[in-house]
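Novice: Below is the structure I would like to discuss, written out as structure tokens.
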Amino acid sequence: MTEHVADIVIIGGAAVGSAIAYFLKRDGFKGRVIVVEKDPSYQWCASGRAVAGIRQQFSTAENIRLSQFGVGFFKGIKSEFGADADISFRERGYMIMATPEGRPILEANIALQRSLGADTELLETVDIERRFPWLSIDGLGAAGWGRSGEGWVDPASLVQLFRRGAIARGVTYLADEAVGIELVGGSIEGVCLASGARISTGTVICAAGWHSAKVARLAGLDLPVRPRKRYVFVIDCPTPLPGAGLMIDTSGLYFRPEGHTFLTGIAPSEDDDPDAEDFDIDHSQFEGEIWPRLAARVPAMETLKVRNAWCCHYDVNTLDHNALLGCHPDLPSFVMACGFSGHGLQHSPGVGRAIAELVIHGRYRTIDVGRLGFDRVTRNAPLREANVY
């Protein structure tokens, strides 16, 4: 049996796990770090299939601050990783539409965002109509618009930069799967792998995305994180849509440009969103849910064509759709970085820095994400995020 030794084992090596590994070593952690990633091609992980929206338009201060840290990181990507580093950050804007009834919540969210320094503005319907004449304003009361610091990135490039950066600083990656976590006297002693190898370690960081609940169960813990399927459809629109950013309808439908095409999708209702780990695509969702809403909001899309589609999975925190970060109270050497419910990739730099600080210094320094800890699960006190898409 192959035996490895590590001070920290990170289970999950996509955007969040690799960001944690990178920041641990960049910020001075001297111990040995091993990342266990069962899909090193990232073909099946959420990071590799993400639409990769970047926004500061959240309703929770911690999420806004994590986004702002990420935007600064993305804009400075070349100074971080070198002149050839490129994640194709498209700062094209982000719109969140609201009905007249939803306008007060939108206004409150924008006020919070602006108080924290976000460059968001409230667009009246007349402003929407003037800036985006191809967009129907039927049923709209207003919209939030990110003037800067919002758009999207290339997710694969971001993951590879974090991974290569971590490896260059001494992190070891194992193409393997964690199948057991050894506990002795209430402490972690090791991680068992599907290959038969073992890693002797005292600390596990769970950054396994939609597999996180399974990883936690290996340590006898229960996390309210579930795998939920999301479909992304690639469509052609016959008419140009000048100025389009990442646009979110009042129904939760989104669309954004991708080269000469558009990406679009919608989250199912909560009562029709079962746990799922397969990658089968339900094309009836496009016909029944997406296309009618697209055609109503953008009349030019009535004659669109579907070019492609894929399935991804969110690691949905069923308590409140916010991340679970930090040490588990019942097993402090089990550190959580999961449950992002769709915004893990954009928050990966901030989360990587935060978890690294927690490990190295025993507390958060740059961004206090203490409210995102497991305590709220124990107390059944959700910290709800209004802007989950």
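Convention: chains lettered A, B, ... in structure tokens order; per-chain residue numbering from 1; ligands numbered from 1 as shown.
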Can you tell me, as JSON, numbers by chain, which residues in segment 163-219 of chain A count as strand (DSSP E) by DSSP?
Specialist: {"A": [172, 173, 174, 178, 179, 180, 181, 182, 183, 184, 187, 188, 189, 190, 191, 192, 193, 198, 199, 200, 204, 205, 206]}
Novice: Per residue of segment 311-362 of chain A within 10 Å of segment 219-229 of chain A, record the nearest atom pair and its distance in Å to one decimal, counting only C-alpha atoms, with rows in chain order and ascending residue number, as CSV.
Specialist:
residue,atom,partner,partner_atom,distance
A:Cys311,CA,A:Lys229,CA,6.7
A:Cys312,CA,A:Lys229,CA,5.9
A:His313,CA,A:Lys229,CA,4.6
A:Tyr314,CA,A:Arg228,CA,5.3
A:Asp315,CA,A:Pro227,CA,5.2
A:Val316,CA,A:Arg226,CA,5.2
A:Asn317,CA,A:Val225,CA,4.5
A:Thr318,CA,A:Pro224,CA,5.7
A:Leu319,CA,A:Pro224,CA,6.6
A:Asp320,CA,A:Pro224,CA,9.5
A:His321,CA,A:Val225,CA,9.1
A:Ala323,CA,A:Val225,CA,9.3
A:Leu324,CA,A:Leu223,CA,8.8
A:His328,CA,A:Leu221,CA,8.7
A:Asp330,CA,A:Leu221,CA,8.2
A:Leu331,CA,A:Leu221,CA,8.4
A:Phe334,CA,A:Ala219,CA,8.2
A:Met336,CA,A:Leu223,CA,9.5
A:Cys338,CA,A:Val225,CA,7.7
A:Gly339,CA,A:Val225,CA,5.5
A:Phe340,CA,A:Val225,CA,8.9
A:Ser341,CA,A:Val225,CA,8.7
A:Gly342,CA,A:Arg228,CA,10.0
Novice: Atoms to include: C-alpha atoms. Write the selected residues as a PDB file, in the first residue's frame.
Specialist:
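The resulting selection-v8.pdb:
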ATOM      1  CA  CYS A 311     -25.491  19.554 -17.857  1.00  0.00           C
ATOM      2  CA  CYS A 312     -23.674  20.717 -14.747  1.00  0.00           C
ATOM      3  CA  HIS A 313     -24.354  20.352 -11.016  1.00  0.00           C
ATOM      4  CA  TYR A 314     -24.638  22.898  -8.235  1.00  0.00           C
ATOM      5  CA  ASP A 315     -23.582  22.043  -4.682  1.00  0.00           C
ATOM      6  CA  VAL A 316     -26.783  23.478  -3.247  1.00  0.00           C
ATOM      7  CA  ASN A 317     -26.880  24.320   0.440  1.00  0.00           C
ATOM      8  CA  THR A 318     -30.501  23.468   1.136  1.00  0.00           C
ATOM      9  CA  LEU A 319     -30.540  25.581   4.303  1.00  0.00           C
ATOM     10  CA  ASP A 320     -30.038  28.980   2.669  1.00  0.00           C
ATOM     11  CA  HIS A 321     -28.131  28.683  -0.641  1.00  0.00           C
ATOM     12  CA  ALA A 323     -21.588  28.641   1.305  1.00  0.00           C
ATOM     13  CA  LEU A 324     -20.486  26.575   4.280  1.00  0.00           C
ATOM     14  CA  HIS A 328     -16.945  21.840  11.582  1.00  0.00           C
ATOM     15  CA  ASP A 330     -17.967  18.500  15.884  1.00  0.00           C
ATOM     16  CA  LEU A 331     -14.647  17.856  14.124  1.00  0.00           C
ATOM     17  CA  PHE A 334     -12.538  18.953   9.051  1.00  0.00           C
ATOM     18  CA  MET A 336     -15.563  23.066   4.887  1.00  0.00           C
ATOM     19  CA  CYS A 338     -18.640  23.950  -0.145  1.00  0.00           C
ATOM     20  CA  GLY A 339     -22.367  24.594  -0.611  1.00  0.00           C
ATOM     21  CA  PHE A 340     -21.856  27.579  -2.910  1.00  0.00           C
ATOM     22  CA  SER A 341     -25.123  26.935  -4.783  1.00  0.00           C
ATOM     23  CA  GLY A 342     -23.766  28.186  -8.088  1.00  0.00           C
TER      24      GLY A 342
END
Novice: Neighbours of segment 285-300 of chain A within 12 Å (only C-alpha atoms; same-chain residues fewer than 5 positions away dropped), as a VMD selection string?
Specialist: chain A and resid 97 129 132 to 140 229 to 241 244 247 to 256 262 to 269 272 305 to 306 308 to 310
Novice: Compile the contact shell of Asp154 of chain A as number ranges by chain: residues with an atom at most 7 Å away, counting only C-alpha atoms, same-chain residues fewer than 5 positions apart removed.
Specialist: A: 52, 87-88
Novice: Go ahead and save the residues from that selection, with N, CA and C atoms, as a PDB file, in the first residue's frame.
Specialist:
ATOM      1  N   ALA A  52     -19.864  30.762 -15.444  1.00  0.00           N
ATOM      2  CA  ALA A  52     -18.775  31.592 -14.920  1.00  0.00           C
ATOM      3  C   ALA A  52     -19.110  33.071 -14.845  1.00  0.00           C
ATOM      4  N   ILE A  87      -7.568  34.821 -18.353  1.00  0.00           N
ATOM      5  CA  ILE A  87      -8.821  34.122 -18.038  1.00  0.00           C
ATOM      6  C   ILE A  87      -9.989  34.715 -18.816  1.00  0.00           C
ATOM      7  N   SER A  88      -9.659  35.591 -19.803  1.00  0.00           N
ATOM      8  CA  SER A  88     -10.685  36.190 -20.669  1.00  0.00           C
ATOM      9  C   SER A  88     -11.802  36.837 -19.858  1.00  0.00           C
TER      10      SER A  88
END
Novice: Set the distance at 7 Å and use only C-alpha atoms: which residues neighbour Lys25 of chain A once local chain neighbours fewer than 4 positions away are removed? I'd like the list as an MDAnalysis selection string.
Specialist: chainID A and resid 21 29 169
Novice: What does the file look like for those residues with N, CA and C atoms, as a PDB file, in the first residue's frame?
Specialist:
ATOM      1  N   ALA A  21      -5.386  25.680  -2.068  1.00  0.00           N
ATOM      2  CA  ALA A  21      -4.010  25.168  -2.117  1.00  0.00           C
ATOM      3  C   ALA A  21      -3.041  26.273  -2.512  1.00  0.00           C
ATOM      4  N   PHE A  29       2.253  29.025   4.179  1.00  0.00           N
ATOM      5  CA  PHE A  29       2.117  27.754   4.880  1.00  0.00           C
ATOM      6  C   PHE A  29       3.304  26.856   4.542  1.00  0.00           C
ATOM      7  N   ARG A 169       4.350  25.899  -6.363  1.00  0.00           N
ATOM      8  CA  ARG A 169       4.726  26.260  -4.993  1.00  0.00           C
ATOM      9  C   ARG A 169       4.842  25.046  -4.080  1.00  0.00           C
TER      10      ARG A 169
END
Novice: Skip segment 385-388 of chain A itself and residues of its chain fewer than 2 positions away, then list as a ChimeraX atom specification all residues within 7 Å of it, counting only C-alpha atoms.
Specialist: /A:58-60,320-322,383
Novice: Please save C-alpha atoms of the selected residues as a short mmCIF file (atom, residue, chain, number, x, y, z; two decimals), in the first residue's frame.
Specialist:
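Output file out_8.cif follows:
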data_model
loop_
_atom_site.label_atom_id
_atom_site.label_comp_id
_atom_site.auth_asym_id
_atom_site.auth_seq_id
_atom_site.Cartn_x
_atom_site.Cartn_y
_atom_site.Cartn_z
CA PHE A 58 -25.65 39.92 -3.96
CA SER A 59 -27.83 40.62 -0.94
CA THR A 60 -25.33 39.32 1.64
CA ASP A 320 -30.04 28.98 2.67
CA HIS A 321 -28.13 28.68 -0.64
CA ASN A 322 -25.02 30.21 0.94
CA LEU A 383 -28.44 33.46 6.29
#
Novice: Tell me which protein, DNA and RNA residues are within 12 Å of Ile188 of chain A, counting only C-alpha atoms, leaving out same-chain ones fewer than 4 positions away, and put them as JSON, numbers by chain.
Specialist: {"A": [7, 8, 9, 180, 181, 182, 183, 184, 192, 199, 200, 201, 202, 203, 204, 205, 218, 219, 220, 330, 331, 332, 333, 334, 335]}
Novice: Which is closer to Ile110 of chain A than all the others in A:Gln346, A:Gln57, A:Thr172, A:Thr261, using only C-alpha atoms?
Specialist: A:Gln57
Novice: What separation in Å, quoted to one decimal, exists between atom CA of Arg114 of chain A and atom CA of Ile64 of chain A?
Specialist: 10.0 Å
Novice: Which is closer to Gly102 of chain A than all the others in A:Gly362, A:Gly149, A:Pro329, A:Gly144, using only C-alpha atoms?
Specialist: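 Using only C-alpha atoms, the shortest distance to Gly102 of chain A belongs to A:Gly144.
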Novice: As an exercise, work out the distance from atom CA of Gly165 of chain A to atom CA of Ala213 of chain A in Å and give it to one decimal place.
Specialist: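 These two atoms are separated by 27.7 Å.
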Novice: Enumerate the residues of segment 203-250 of chain A with a DSSP assignment of alpha helix (DSSP H), computed from the backbone, and present them as a list in words.
Specialist: Ser212, Ala213, Lys214, Val215, Ala216, Arg217 and Leu218 of chain A
Novice: Please write the residues from the selection above to a file, keeping C-alpha atoms, as an mmCIF file, in the first residue's frame.
Specialist:
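Saved to again-v6.cif:
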data_model
loop_
_atom_site.group_PDB
_atom_site.id
_atom_site.type_symbol
_atom_site.label_atom_id
_atom_site.label_comp_id
_atom_site.auth_asym_id
_atom_site.auth_seq_id
_atom_site.Cartn_x
_atom_site.Cartn_y
_atom_site.Cartn_z
ATOM 1 C CA SER A 212 -19.179 17.320 -0.490
ATOM 2 C CA ALA A 213 -21.946 15.615 1.491
ATOM 3 C CA LYS A 214 -20.489 12.233 0.540
ATOM 4 C CA VAL A 215 -17.026 13.335 1.643
ATOM 5 C CA ALA A 216 -18.411 14.604 4.952
ATOM 6 C CA ARG A 217 -20.151 11.294 5.576
ATOM 7 C CA LEU A 218 -16.740 9.596 5.386
#
